[in-house]
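Source file: structure-v1.txt; contents: compact mmCIF, C-alpha atoms and all ligand atoms.
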```
# COMPACT_ATOMS: atom_id res chain seq x y z
CA MET Q 1 0.00 0.00 0.00
CA LEU Q 2 1.30 3.45 -0.87
CA ILE Q 3 0.75 6.40 1.35
CA LYS Q 4 1.04 10.03 0.47
CA THR Q 5 1.29 12.09 3.59
CA SER Q 6 2.20 15.65 2.65
CA ARG Q 7 2.19 17.98 -0.29
CA TYR Q 8 3.63 20.80 1.75
CA GLY Q 9 7.29 19.87 1.71
CA PRO Q 10 9.81 19.51 4.46
CA GLY Q 11 9.78 21.94 7.33
CA ARG Q 12 6.29 23.30 6.75
CA VAL Q 13 3.88 20.63 7.97
CA ARG Q 14 5.20 17.63 9.79
CA PRO Q 15 3.97 14.56 7.91
CA SER Q 16 3.23 12.88 11.22
CA GLU Q 17 0.75 15.66 12.01
CA ILE Q 18 -1.41 15.05 8.97
CA THR Q 19 -1.09 11.29 8.60
CA PRO Q 20 -3.61 8.89 10.03
CA LYS Q 21 -2.25 7.29 13.18
CA GLY Q 22 -0.46 4.05 12.47
CA VAL Q 23 0.38 4.97 8.89
CA TRP Q 24 3.38 7.26 9.24
CA LEU Q 25 6.59 5.31 9.44
CA ASN Q 26 9.34 7.00 11.32
CA ARG Q 27 12.97 6.21 10.76
CA ARG Q 28 13.08 3.67 13.57
CA GLU Q 29 10.07 1.86 12.16
CA LEU Q 30 11.62 1.93 8.69
CA LEU Q 31 14.74 0.30 9.97
CA LYS Q 32 12.78 -2.30 11.89
CA ARG Q 33 11.02 -3.21 8.65
CA ALA Q 34 14.39 -3.52 6.97
CA GLY Q 35 15.49 -5.78 9.82
CA PHE Q 36 17.99 -3.37 11.37
CA GLY Q 37 16.49 -2.62 14.76
CA ALA Q 38 16.63 1.03 15.73
CA ALA Q 39 20.10 1.81 14.44
CA ALA Q 40 20.99 4.48 11.89
CA PHE Q 41 20.63 4.08 8.13
CA ALA Q 42 24.39 3.54 7.93
CA VAL Q 43 24.04 0.13 9.55
CA PRO Q 44 22.99 -1.80 6.44
CA TRP Q 45 26.06 -0.44 4.68
CA ALA Q 46 28.35 -1.45 7.54
CA SER Q 47 26.92 -4.95 7.60
CA TRP Q 48 27.14 -5.38 3.82
CA PRO Q 49 30.69 -6.27 2.89
CA GLY Q 50 29.96 -6.17 -0.85
CA LEU Q 51 30.50 -3.77 -3.56
CA ALA Q 52 32.07 -0.49 -4.54
CA HIS Q 53 29.93 2.53 -3.86
CA ALA Q 54 30.56 6.26 -3.92
CA GLY Q 55 29.88 6.00 -0.26
CA ARG Q 56 29.67 9.15 1.88
CA LYS Q 57 26.96 9.23 4.48
CA LEU Q 58 24.47 11.94 3.54
CA GLU Q 59 24.27 14.59 6.24
CA ASN Q 60 21.14 16.50 7.23
CA LEU Q 61 18.61 14.17 5.66
CA VAL Q 62 15.06 15.42 6.03
CA GLU Q 63 12.25 12.99 6.74
CA SER Q 64 9.67 13.35 3.98
CA GLY Q 65 5.98 12.74 3.73
CA TRP Q 66 6.44 10.23 0.94
CA MET Q 67 6.71 6.84 2.55
CA LEU Q 68 5.55 3.37 1.67
CA ASP Q 69 4.09 1.00 4.20
CA GLU Q 70 5.94 -2.10 3.00
CA ASP Q 71 9.06 -4.05 3.93
CA LEU Q 72 12.21 -2.52 2.45
CA THR Q 73 14.21 -4.49 -0.09
CA SER Q 74 17.62 -5.34 1.36
CA LEU Q 75 20.68 -3.28 0.49
CA GLU Q 76 22.23 -6.40 -0.99
CA ASP Q 77 19.34 -6.95 -3.39
CA ILE Q 78 19.11 -3.25 -4.33
CA THR Q 79 22.81 -3.17 -5.19
CA THR Q 80 23.27 -6.53 -6.89
CA TYR Q 81 20.12 -6.89 -9.02
CA ASN Q 82 20.31 -3.93 -11.41
CA ASN Q 83 19.55 -2.69 -14.88
CA PHE Q 84 22.33 -0.38 -16.05
CA TYR Q 85 23.26 -1.43 -19.57
CA GLU Q 86 26.28 0.89 -19.59
CA PHE Q 87 27.86 -1.87 -17.47
CA GLY Q 88 26.34 -4.91 -19.21
CA THR Q 89 22.95 -6.51 -19.69
CA GLY Q 90 23.06 -9.08 -16.86
CA LYS Q 91 21.44 -8.17 -13.54
CA GLY Q 92 24.78 -8.75 -11.74
CA ASP Q 93 26.90 -6.87 -14.32
CA PRO Q 94 26.45 -3.32 -12.94
CA ALA Q 95 27.72 -4.38 -9.49
CA ARG Q 96 30.54 -6.39 -11.03
CA TYR Q 97 31.74 -3.93 -13.68
CA SER Q 98 31.03 -0.44 -12.32
CA GLY Q 99 34.01 -0.24 -9.93
CA GLY Q 100 36.07 1.81 -12.43
CA PHE Q 101 33.40 4.48 -12.85
CA LYS Q 102 34.35 7.77 -11.15
CA PRO Q 103 31.20 9.68 -10.28
CA LEU Q 104 32.85 12.60 -8.49
CA PRO Q 105 33.35 15.48 -9.17
CA TRP Q 106 30.10 15.85 -11.10
CA SER Q 107 27.89 18.53 -12.54
CA ILE Q 108 24.71 18.63 -14.62
CA ARG Q 109 24.21 21.11 -17.47
CA VAL Q 110 20.74 22.67 -17.59
CA GLY Q 111 19.68 24.55 -20.68
CA GLY Q 112 17.25 24.91 -23.57
CA GLU Q 113 14.01 26.81 -23.11
CA CYS Q 114 14.80 28.61 -19.86
CA GLU Q 115 15.77 32.11 -18.73
CA LYS Q 116 18.84 31.09 -16.73
CA PRO Q 117 20.74 28.19 -18.31
CA GLY Q 118 23.57 26.97 -16.12
CA VAL Q 119 25.14 24.14 -14.22
CA ILE Q 120 24.21 22.24 -11.06
CA ASP Q 121 27.25 21.22 -9.13
CA TYR Q 122 26.72 17.96 -7.24
CA GLU Q 123 28.14 19.27 -3.95
CA ASP Q 124 25.87 22.29 -4.28
CA LEU Q 125 22.89 20.03 -4.92
CA ILE Q 126 23.38 17.99 -1.77
CA GLY Q 127 24.51 21.01 0.26
CA SER Q 128 21.94 23.64 -0.59
CA TYR Q 129 18.65 21.79 -1.14
CA PRO Q 130 16.73 19.70 1.38
CA VAL Q 131 17.76 16.08 0.75
CA GLU Q 132 14.72 14.03 1.67
CA GLU Q 133 14.26 10.40 2.57
CA ARG Q 134 11.52 8.93 0.42
CA VAL Q 135 10.51 5.29 0.29
CA TYR Q 136 9.25 4.40 -3.18
CA ARG Q 137 8.56 1.17 -4.96
CA LEU Q 138 10.55 0.79 -8.19
CA ARG Q 139 8.39 -1.24 -10.61
CA CYS Q 140 10.40 -2.52 -13.54
CA VAL Q 141 8.71 -3.22 -16.87
CA GLU Q 142 10.12 -6.75 -16.53
CA ALA Q 143 7.47 -7.35 -13.83
CA TRP Q 144 9.67 -7.25 -10.74
CA SER Q 145 9.75 -4.57 -8.08
CA MET Q 146 11.73 -3.34 -5.10
CA VAL Q 147 11.02 -1.01 -2.19
CA VAL Q 148 13.87 1.46 -1.89
CA PRO Q 149 14.66 4.09 0.77
CA TRP Q 150 15.93 6.82 -1.55
CA ALA Q 151 17.53 10.09 -0.58
CA GLY Q 152 17.01 12.93 -3.01
CA VAL Q 153 15.97 16.43 -3.92
CA GLN Q 154 12.56 17.18 -5.37
CA LEU Q 155 13.17 17.71 -9.09
CA SER Q 156 10.83 20.70 -9.33
CA GLU Q 157 12.84 22.61 -6.69
CA VAL Q 158 15.93 22.32 -8.87
CA LEU Q 159 14.29 22.99 -12.24
CA ARG Q 160 12.56 26.16 -11.05
CA ARG Q 161 15.92 27.78 -10.37
CA PHE Q 162 16.61 27.79 -14.15
CA GLN Q 163 13.28 29.51 -14.91
CA PRO Q 164 11.80 27.42 -17.72
CA THR Q 165 9.92 29.56 -20.28
CA SER Q 166 6.42 28.93 -21.65
CA LYS Q 167 8.07 27.01 -24.51
CA ALA Q 168 9.43 24.42 -22.06
CA LYS Q 169 6.86 21.69 -22.67
CA TYR Q 170 9.19 18.78 -21.83
CA ALA Q 171 12.42 18.07 -19.94
CA ALA Q 172 14.99 15.87 -21.71
CA PHE Q 173 17.61 13.97 -19.67
CA GLU Q 174 20.90 12.43 -20.76
CA THR Q 175 23.27 9.92 -19.11
CA VAL Q 176 27.03 10.44 -19.17
CA TYR Q 177 28.95 8.94 -22.11
CA ARG Q 178 32.28 7.50 -20.89
CA PRO Q 179 33.06 4.27 -22.71
CA GLU Q 180 36.45 4.13 -21.01
CA GLU Q 181 34.69 3.76 -17.62
CA MET Q 182 31.48 2.09 -18.79
CA PRO Q 183 32.33 -1.12 -20.59
CA GLY Q 184 28.78 -1.61 -21.89
CA GLN Q 185 29.10 1.60 -23.93
CA GLU Q 186 31.80 -0.10 -26.00
CA ARG Q 187 29.09 -2.52 -27.09
CA GLY Q 188 26.02 -1.83 -29.14
CA PHE Q 189 23.41 -2.93 -26.57
CA LEU Q 190 21.67 0.44 -26.94
CA ASP Q 191 22.27 3.73 -28.76
CA TRP Q 192 24.41 5.71 -26.33
CA PRO Q 193 24.03 7.92 -24.44
CA TYR Q 194 20.87 6.70 -22.69
CA VAL Q 195 18.22 9.43 -22.95
CA GLU Q 196 14.86 9.95 -21.27
CA GLY Q 197 12.16 12.59 -21.05
CA LEU Q 198 9.21 13.81 -19.04
CA ARG Q 199 6.41 16.19 -19.87
CA ILE Q 200 7.04 19.39 -17.91
CA ASP Q 201 4.08 18.86 -15.55
CA GLU Q 202 5.38 15.36 -14.79
CA ALA Q 203 8.85 16.75 -14.11
CA MET Q 204 7.35 19.40 -11.82
CA HIS Q 205 5.17 16.89 -9.93
CA PRO Q 206 6.23 16.69 -6.27
CA LEU Q 207 6.80 12.93 -6.54
CA SER Q 208 9.57 13.30 -9.16
CA LEU Q 209 12.90 12.96 -7.40
CA LEU Q 210 16.53 13.62 -8.28
CA ALA Q 211 17.97 10.80 -6.19
CA VAL Q 212 21.46 11.14 -4.74
CA GLY Q 213 21.46 8.25 -2.29
CA LEU Q 214 19.86 5.19 -0.79
CA TYR Q 215 19.85 3.77 2.73
CA GLY Q 216 21.25 7.12 3.90
CA GLU Q 217 24.43 7.10 1.83
CA GLU Q 218 25.41 8.38 -1.60
CA LEU Q 219 24.32 6.27 -4.55
CA PRO Q 220 26.48 3.28 -5.39
CA ASN Q 221 27.75 3.30 -8.98
CA GLN Q 222 25.46 0.47 -10.02
CA ASN Q 223 22.37 2.42 -8.92
CA GLY Q 224 23.20 5.52 -10.98
CA ALA Q 225 25.81 7.51 -9.07
CA PRO Q 226 25.91 10.31 -8.37
CA VAL Q 227 22.49 11.62 -9.54
CA ARG Q 228 19.57 9.76 -11.11
CA LEU Q 229 15.90 10.31 -11.65
CA VAL Q 230 13.21 8.39 -9.75
CA VAL Q 231 9.67 8.73 -11.09
CA PRO Q 232 7.73 6.23 -9.00
CA TRP Q 233 4.49 6.03 -11.01
CA LYS Q 234 6.35 5.05 -14.20
CA TYR Q 235 8.22 1.89 -15.20
CA GLY Q 236 11.80 1.81 -13.94
CA TYR Q 237 13.41 2.59 -17.28
CA LYS Q 238 12.20 6.22 -17.05
CA SER Q 239 14.43 6.59 -13.97
CA ILE Q 240 17.56 7.49 -15.92
CA LYS Q 241 20.89 7.10 -14.13
CA SER Q 242 24.12 9.17 -13.91
CA ILE Q 243 22.52 12.30 -15.43
CA VAL Q 244 24.80 14.90 -17.06
CA SER Q 245 22.29 17.14 -18.78
CA ILE Q 246 18.72 18.36 -18.50
CA THR Q 247 17.30 20.35 -21.42
CA PHE Q 248 13.94 22.13 -21.56
CA VAL Q 249 12.42 21.50 -24.99
CA GLU Q 250 9.25 22.31 -26.90
CA GLU Q 251 8.75 18.92 -28.62
CA GLU Q 252 8.53 15.45 -27.08
CA PRO Q 253 12.17 14.32 -26.78
CA PRO Q 254 13.44 10.91 -27.98
CA THR Q 255 13.76 8.23 -25.29
CA THR Q 256 16.08 5.23 -25.43
CA TRP Q 257 13.61 2.36 -25.05
CA ASN Q 258 11.01 3.98 -27.27
CA GLN Q 259 13.61 4.34 -30.02
CA GLN Q 260 14.68 0.75 -29.45
CA ALA Q 261 11.19 -0.80 -29.67
CA PRO Q 262 8.43 1.81 -30.17
CA HIS Q 263 5.52 -0.65 -30.11
CA GLU Q 264 6.74 -2.07 -26.79
CA TYR Q 265 7.80 1.09 -24.92
CA GLY Q 266 5.90 4.36 -25.23
CA PHE Q 267 6.92 7.84 -24.13
CA TYR Q 268 4.68 7.90 -21.06
CA SER Q 269 5.46 4.46 -19.63
CA ASN Q 270 3.04 4.85 -16.74
CA VAL Q 271 2.69 1.65 -14.70
CA ASN Q 272 -0.54 0.20 -16.02
CA PRO Q 273 -1.73 -3.34 -15.25
CA GLU Q 274 -4.43 -2.90 -17.90
CA ARG Q 275 -1.93 -2.60 -20.73
CA SER Q 276 0.11 -5.74 -21.29
CA HIS Q 277 3.57 -5.51 -22.74
CA PRO Q 278 3.24 -7.13 -26.20
CA ARG Q 279 5.23 -10.11 -24.87
CA TRP Q 280 3.97 -10.44 -21.29
CA SER Q 281 1.30 -9.33 -18.84
CA GLN Q 282 1.77 -6.35 -16.52
CA LYS Q 283 -0.95 -7.41 -14.08
CA ARG Q 284 1.34 -8.81 -11.40
CA GLU Q 285 4.87 -8.35 -10.12
CA ARG Q 286 7.50 -10.29 -8.20
CA ARG Q 287 9.13 -8.56 -5.26
CA VAL Q 288 12.92 -8.98 -5.59
CA GLY Q 289 14.39 -10.77 -2.58
CA GLY Q 290 11.13 -12.38 -1.53
CA SER Q 291 10.79 -16.10 -0.92
CA LEU Q 292 10.99 -18.23 -4.04
CA PHE Q 293 7.61 -19.61 -3.09
CA ALA Q 294 5.94 -16.26 -2.50
CA SER Q 295 3.18 -15.58 -4.97
CA LYS Q 296 3.32 -12.54 -7.20
CA ILE Q 297 1.46 -9.48 -6.02
CA PRO Q 298 -1.00 -7.42 -8.07
CA THR Q 299 0.47 -4.40 -9.85
CA LEU Q 300 -1.33 -1.16 -9.02
CA LYS Q 301 -2.25 1.45 -11.61
CA PHE Q 302 0.35 4.25 -11.58
CA ASN Q 303 2.24 1.99 -9.17
CA GLY Q 304 -0.24 2.99 -6.45
CA TYR Q 305 -0.07 6.77 -7.03
CA GLU Q 306 -3.35 7.05 -8.93
CA GLU Q 307 -4.75 9.61 -6.52
CA GLU Q 308 -1.71 11.85 -6.92
CA VAL Q 309 -1.04 11.64 -10.65
CA ALA Q 310 -4.19 10.53 -12.54
CA SER Q 311 -5.22 14.17 -13.13
CA LEU Q 312 -2.05 14.71 -15.20
CA TYR Q 313 -3.56 12.39 -17.81
CA ALA Q 314 -7.22 13.45 -17.71
CA GLY Q 315 -8.87 12.76 -21.06
CA MET Q 316 -5.92 10.79 -22.45
CA ASP Q 317 -6.22 7.25 -23.76
CA LEU Q 318 -3.55 5.55 -21.67
CA ILE Q 319 -3.54 2.41 -23.80
CA LYS Q 320 -2.73 4.45 -26.90
CA HIS Q 321 -0.39 6.76 -25.01
CA HIS Q 322 1.34 3.94 -23.15
N1 LIG B 401 19.65 4.43 -16.82
C1 LIG B 401 20.68 4.22 -17.67
N2 LIG B 401 21.49 5.24 -17.98
N3 LIG B 401 20.92 3.00 -18.23
C2 LIG B 401 20.10 1.93 -17.97
O1 LIG B 401 20.34 0.83 -18.52
N4 LIG B 401 18.09 1.11 -16.81
C3 LIG B 401 16.74 1.53 -16.37
C4 LIG B 401 16.81 2.60 -15.28
N5 LIG B 401 17.78 3.61 -15.61
C5 LIG B 401 18.98 2.12 -17.10
C6 LIG B 401 18.81 3.40 -16.51
C7 LIG B 401 15.93 0.41 -15.93
S1 LIG B 401 15.36 -0.64 -17.13
C8 LIG B 401 15.56 0.24 -14.62
S2 LIG B 401 14.45 -0.96 -14.16
C9 LIG B 401 16.17 1.05 -13.55
O2 LIG B 401 17.16 1.97 -14.04
C10 LIG B 401 16.84 0.15 -12.54
O3 LIG B 401 17.34 0.85 -11.44
P1 LIG B 401 18.13 0.05 -10.29
O4 LIG B 401 19.22 -0.73 -10.97
O5 LIG B 401 18.68 1.08 -9.36
O6 LIG B 401 17.14 -0.86 -9.64
```
Would you mind giving the structure from this file in structure tokens?
Ligand code: MTE
Amino acid sequence: MLIKTSRYGPGRVRPSEITPKGVWLNRRELLKRAGFGAAAFAVPWASWPGLAHAGRKLENLVESGWMLDEDLTSLEDITTYNNFYEFGTGKGDPARYSGGFKPLPWSIRVGGECEKPGVIDYEDLIGSYPVEERVYRLRCVEAWSMVVPWAGVQLSEVLRRFQPTSKAKYAAFETVYRPEEMPGQERGFLDWPYVEGLRIDEAMHPLSLLAVGLYGEELPNQNGAPVRLVVPWKYGYKSIKSIVSITFVEEEPPTTWNQQAPHEYGFYSNVNPERSHPRWSQKRERRVGGSLFASKIPTLKFNGYEEEVASLYAGMDLIKHH
């Protein structure tokens, strides 16, 4: 079950004040659900001997109103079962082959249809915006899902600073192109760089997150270090990793999976159990890390955020505009 608790942002209304009793999960409860008692978020990292990650603890995290009342997927599963074709097509490849990627220092170019084109420096991003904890489900088009405690900055807060003009109908995102550090980019799995896009009202929706961490620390390379998108009501492939540019544009921008297979992957890519992928159903999903014998769970329209986002698509045929 997904719970939206606040539209008012950190510091204005405490989510716990407006959430029905028993629904708000505080940090201690979150950790209990993840099986870590009442310790700090750093604990799962300390107890996970595994893989390379960029790895600083994120200071001054703000509890957000966007939580999910479900057990968290373990750090091990979140960091070893990935899709990041820049490091290979196998689920274990990103963890195995991303150790040579150097995410820092980092900056993102922002331009196109805006009054103040410029650059977001990563240190500035994590230092001067509220970095919120938000627990979202990531529902992959391959019919598996995870529940991830992200840390990130609300995308709209960042985009507003660049003052998009009335011609900014969409935001186009691009992943870094560094074949010397990303072995998958030497291969023709996809047309590089990976690109994605959102309609401007989707980008400005309070749920859209520029994620910079998970489980309280900076993003590991395999999860899209140092900055990725997380758009929880859409299939996981919209959540583009290792972003180097954001451009405001007037026309719908090209997107990697739509270019790859247009009849399979549309621009919108909203989670929709009523529209099957041409090769498989989208009605149910498997939770990564669950028991082998656990049955699949039903997939919810807009991944459970129907109340929050359905109005963005009023009057649209969501089968046609999949
Ligand atoms: N971003 C880039 N640049 N390259 C990718 O291959 N894969 C997408 C998305 N973002 C991908 C990407 C897909 S298909 C999914 S399901 C999610 O990242 C997976 O995110 P995770 O590995 O953190 O679970």
Could I get the residue neighbourhood of ligand LIG 401 (chain B) at 6 Å, counting all atoms listed in the file, as a list in words? Asn82, Asn83, Phe84, Tyr85, Glu86, Cys140, Thr175, Tyr194, Asn223, Gly236, Tyr237, Ser239, Ile240 and Lys241 of chain Q
Residues within 9 Å of (17.9, 19.7, 9.1), file coordinates, counting all atoms listed in the file: what are they? Give the list as a VMD selection string. chain Q and resid 11 59 to 62 130
Show me, as a PDB file with C-alpha atoms, keeping the file's coordinate frame, the residues that have an atom within 12 Å of Q:Leu300 when counting all atoms listed in the file, minus same-chain residues fewer than 3 positions from it.
```
ATOM      1  CA  MET Q   1       0.000   0.000   0.000  1.00  0.00           C
ATOM      2  CA  LEU Q   2       1.300   3.450  -0.870  1.00  0.00           C
ATOM      3  CA  ARG Q 137       8.560   1.170  -4.960  1.00  0.00           C
ATOM      4  CA  ARG Q 139       8.390  -1.240 -10.610  1.00  0.00           C
ATOM      5  CA  ALA Q 143       7.470  -7.350 -13.830  1.00  0.00           C
ATOM      6  CA  SER Q 145       9.750  -4.570  -8.080  1.00  0.00           C
ATOM      7  CA  PRO Q 232       7.730   6.230  -9.000  1.00  0.00           C
ATOM      8  CA  TRP Q 233       4.490   6.030 -11.010  1.00  0.00           C
ATOM      9  CA  LYS Q 234       6.350   5.050 -14.200  1.00  0.00           C
ATOM     10  CA  TYR Q 235       8.220   1.890 -15.200  1.00  0.00           C
ATOM     11  CA  ASN Q 270       3.040   4.850 -16.740  1.00  0.00           C
ATOM     12  CA  VAL Q 271       2.690   1.650 -14.700  1.00  0.00           C
ATOM     13  CA  ASN Q 272      -0.540   0.200 -16.020  1.00  0.00           C
ATOM     14  CA  PRO Q 273      -1.730  -3.340 -15.250  1.00  0.00           C
ATOM     15  CA  GLU Q 274      -4.430  -2.900 -17.900  1.00  0.00           C
ATOM     16  CA  ARG Q 275      -1.930  -2.600 -20.730  1.00  0.00           C
ATOM     17  CA  GLN Q 282       1.770  -6.350 -16.520  1.00  0.00           C
ATOM     18  CA  LYS Q 283      -0.950  -7.410 -14.080  1.00  0.00           C
ATOM     19  CA  ARG Q 284       1.340  -8.810 -11.400  1.00  0.00           C
ATOM     20  CA  GLU Q 285       4.870  -8.350 -10.120  1.00  0.00           C
ATOM     21  CA  ILE Q 297       1.460  -9.480  -6.020  1.00  0.00           C
ATOM     22  CA  ASN Q 303       2.240   1.990  -9.170  1.00  0.00           C
ATOM     23  CA  GLY Q 304      -0.240   2.990  -6.450  1.00  0.00           C
ATOM     24  CA  TYR Q 305      -0.070   6.770  -7.030  1.00  0.00           C
ATOM     25  CA  GLU Q 306      -3.350   7.050  -8.930  1.00  0.00           C
ATOM     26  CA  GLU Q 307      -4.750   9.610  -6.520  1.00  0.00           C
TER      27      GLU Q 307
END
```
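Taking atom CA of Q:His322 and atom CA of Q:Tyr268 as endpoints, the distance between them is 5.6 Å.
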Skip stretch 310-315 of chain Q itself and residues of its chain fewer than 6 positions away, then list as a PyMOL selection string all residues within 10 Å of it, counting only C-alpha atoms. chain Q and resi 199+201-202+205+233+268+301-302+321
What is the distance, in Å and to one decimal place, between atom CA of Q:Ile78 and atom CA of Q:Lys296?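 Between atom CA of Q:Ile78 and atom CA of Q:Lys296 the gap is 18.5 Å.
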Work out how far atom CA of Q:Leu209 is from atom CA of Q:Glu115, in Å to one decimal.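 Atom CA of Q:Glu115 sits 22.4 Å away from atom CA of Q:Leu209.
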Taking only residues of stretch 59-120 of chain Q that have an atom at most 12 Å from an atom of stretch 210-219 of chain Q, what is each one's shortest atom pair and its distance in Å to one decimal, using all atoms listed in the file, in chain and number order, as JSON lines?
```
{"residue": "Q:Glu59", "atom": "CA", "partner": "Q:Gly216", "partner_atom": "CA", "distance": 8.4}
{"residue": "Q:Asn60", "atom": "CA", "partner": "Q:Gly216", "partner_atom": "CA", "distance": 10.0}
{"residue": "Q:Leu61", "atom": "CA", "partner": "Q:Gly216", "partner_atom": "CA", "distance": 7.7}
{"residue": "Q:Val62", "atom": "CA", "partner": "Q:Gly216", "partner_atom": "CA", "distance": 10.6}
{"residue": "Q:Glu63", "atom": "CA", "partner": "Q:Gly216", "partner_atom": "CA", "distance": 11.1}
{"residue": "Q:Leu72", "atom": "CA", "partner": "Q:Tyr215", "partner_atom": "CA", "distance": 9.9}
{"residue": "Q:Thr73", "atom": "CA", "partner": "Q:Tyr215", "partner_atom": "CA", "distance": 10.4}
{"residue": "Q:Ser74", "atom": "CA", "partner": "Q:Tyr215", "partner_atom": "CA", "distance": 9.5}
{"residue": "Q:Leu75", "atom": "CA", "partner": "Q:Tyr215", "partner_atom": "CA", "distance": 7.4}
{"residue": "Q:Glu76", "atom": "CA", "partner": "Q:Tyr215", "partner_atom": "CA", "distance": 11.1}
{"residue": "Q:Ile78", "atom": "CA", "partner": "Q:Leu214", "partner_atom": "CA", "distance": 9.2}
{"residue": "Q:Thr79", "atom": "CA", "partner": "Q:Leu219", "partner_atom": "CA", "distance": 9.6}
{"residue": "Q:Pro103", "atom": "CA", "partner": "Q:Leu219", "partner_atom": "CA", "distance": 9.6}
{"residue": "Q:Leu104", "atom": "CA", "partner": "Q:Glu218", "partner_atom": "CA", "distance": 11.0}
{"residue": "Q:Trp106", "atom": "CA", "partner": "Q:Val212", "partner_atom": "CA", "distance": 11.7}
{"residue": "Q:Ile108", "atom": "CA", "partner": "Q:Leu210", "partner_atom": "CA", "distance": 11.5}
{"residue": "Q:Ile120", "atom": "CA", "partner": "Q:Leu210", "partner_atom": "CA", "distance": 11.9}
```
So that I have them on file, write out the residues from the current selection with C-alpha atoms, as a PDB file, in the frame of the given file.
```pdb
ATOM      1  CA  GLU Q  59      24.270  14.590   6.240  1.00  0.00           C
ATOM      2  CA  ASN Q  60      21.140  16.500   7.230  1.00  0.00           C
ATOM      3  CA  LEU Q  61      18.610  14.170   5.660  1.00  0.00           C
ATOM      4  CA  VAL Q  62      15.060  15.420   6.030  1.00  0.00           C
ATOM      5  CA  GLU Q  63      12.250  12.990   6.740  1.00  0.00           C
ATOM      6  CA  LEU Q  72      12.210  -2.520   2.450  1.00  0.00           C
ATOM      7  CA  THR Q  73      14.210  -4.490  -0.090  1.00  0.00           C
ATOM      8  CA  SER Q  74      17.620  -5.340   1.360  1.00  0.00           C
ATOM      9  CA  LEU Q  75      20.680  -3.280   0.490  1.00  0.00           C
ATOM     10  CA  GLU Q  76      22.230  -6.400  -0.990  1.00  0.00           C
ATOM     11  CA  ILE Q  78      19.110  -3.250  -4.330  1.00  0.00           C
ATOM     12  CA  THR Q  79      22.810  -3.170  -5.190  1.00  0.00           C
ATOM     13  CA  PRO Q 103      31.200   9.680 -10.280  1.00  0.00           C
ATOM     14  CA  LEU Q 104      32.850  12.600  -8.490  1.00  0.00           C
ATOM     15  CA  TRP Q 106      30.100  15.850 -11.100  1.00  0.00           C
ATOM     16  CA  ILE Q 108      24.710  18.630 -14.620  1.00  0.00           C
ATOM     17  CA  ILE Q 120      24.210  22.240 -11.060  1.00  0.00           C
TER      18      ILE Q 120
END
```
So, counting only C-alpha atoms, which residue among Q:Met316, Q:Val148, Q:Leu68, Q:Ile200 is closest to Q:Ile246?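 Selected residue with least distance to Q:Ile246: Q:Ile200.
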Let me make sure I understand: among Q:Gly55, Q:Thr255, Q:Gly127, Q:Glu142, which one has the smallest atom-to-atom distance to Q:Trp192 if we use all atoms listed in the file?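 Answer, going by the shortest atom-to-atom distance: Q:Thr255.
Each of Q:Ala171, Q:Met182, Q:Leu190, Q:Leu292 was checked against Q:Glu251 using only C-alpha atoms; the smallest atom-to-atom distance is that of Q:Ala171.
Using all atoms listed in the file, the shortest contact distance between Q:Arg187 and any of Q:Phe87, Q:Tyr265, Q:Trp150, Q:Tyr129 is found at Q:Phe87.
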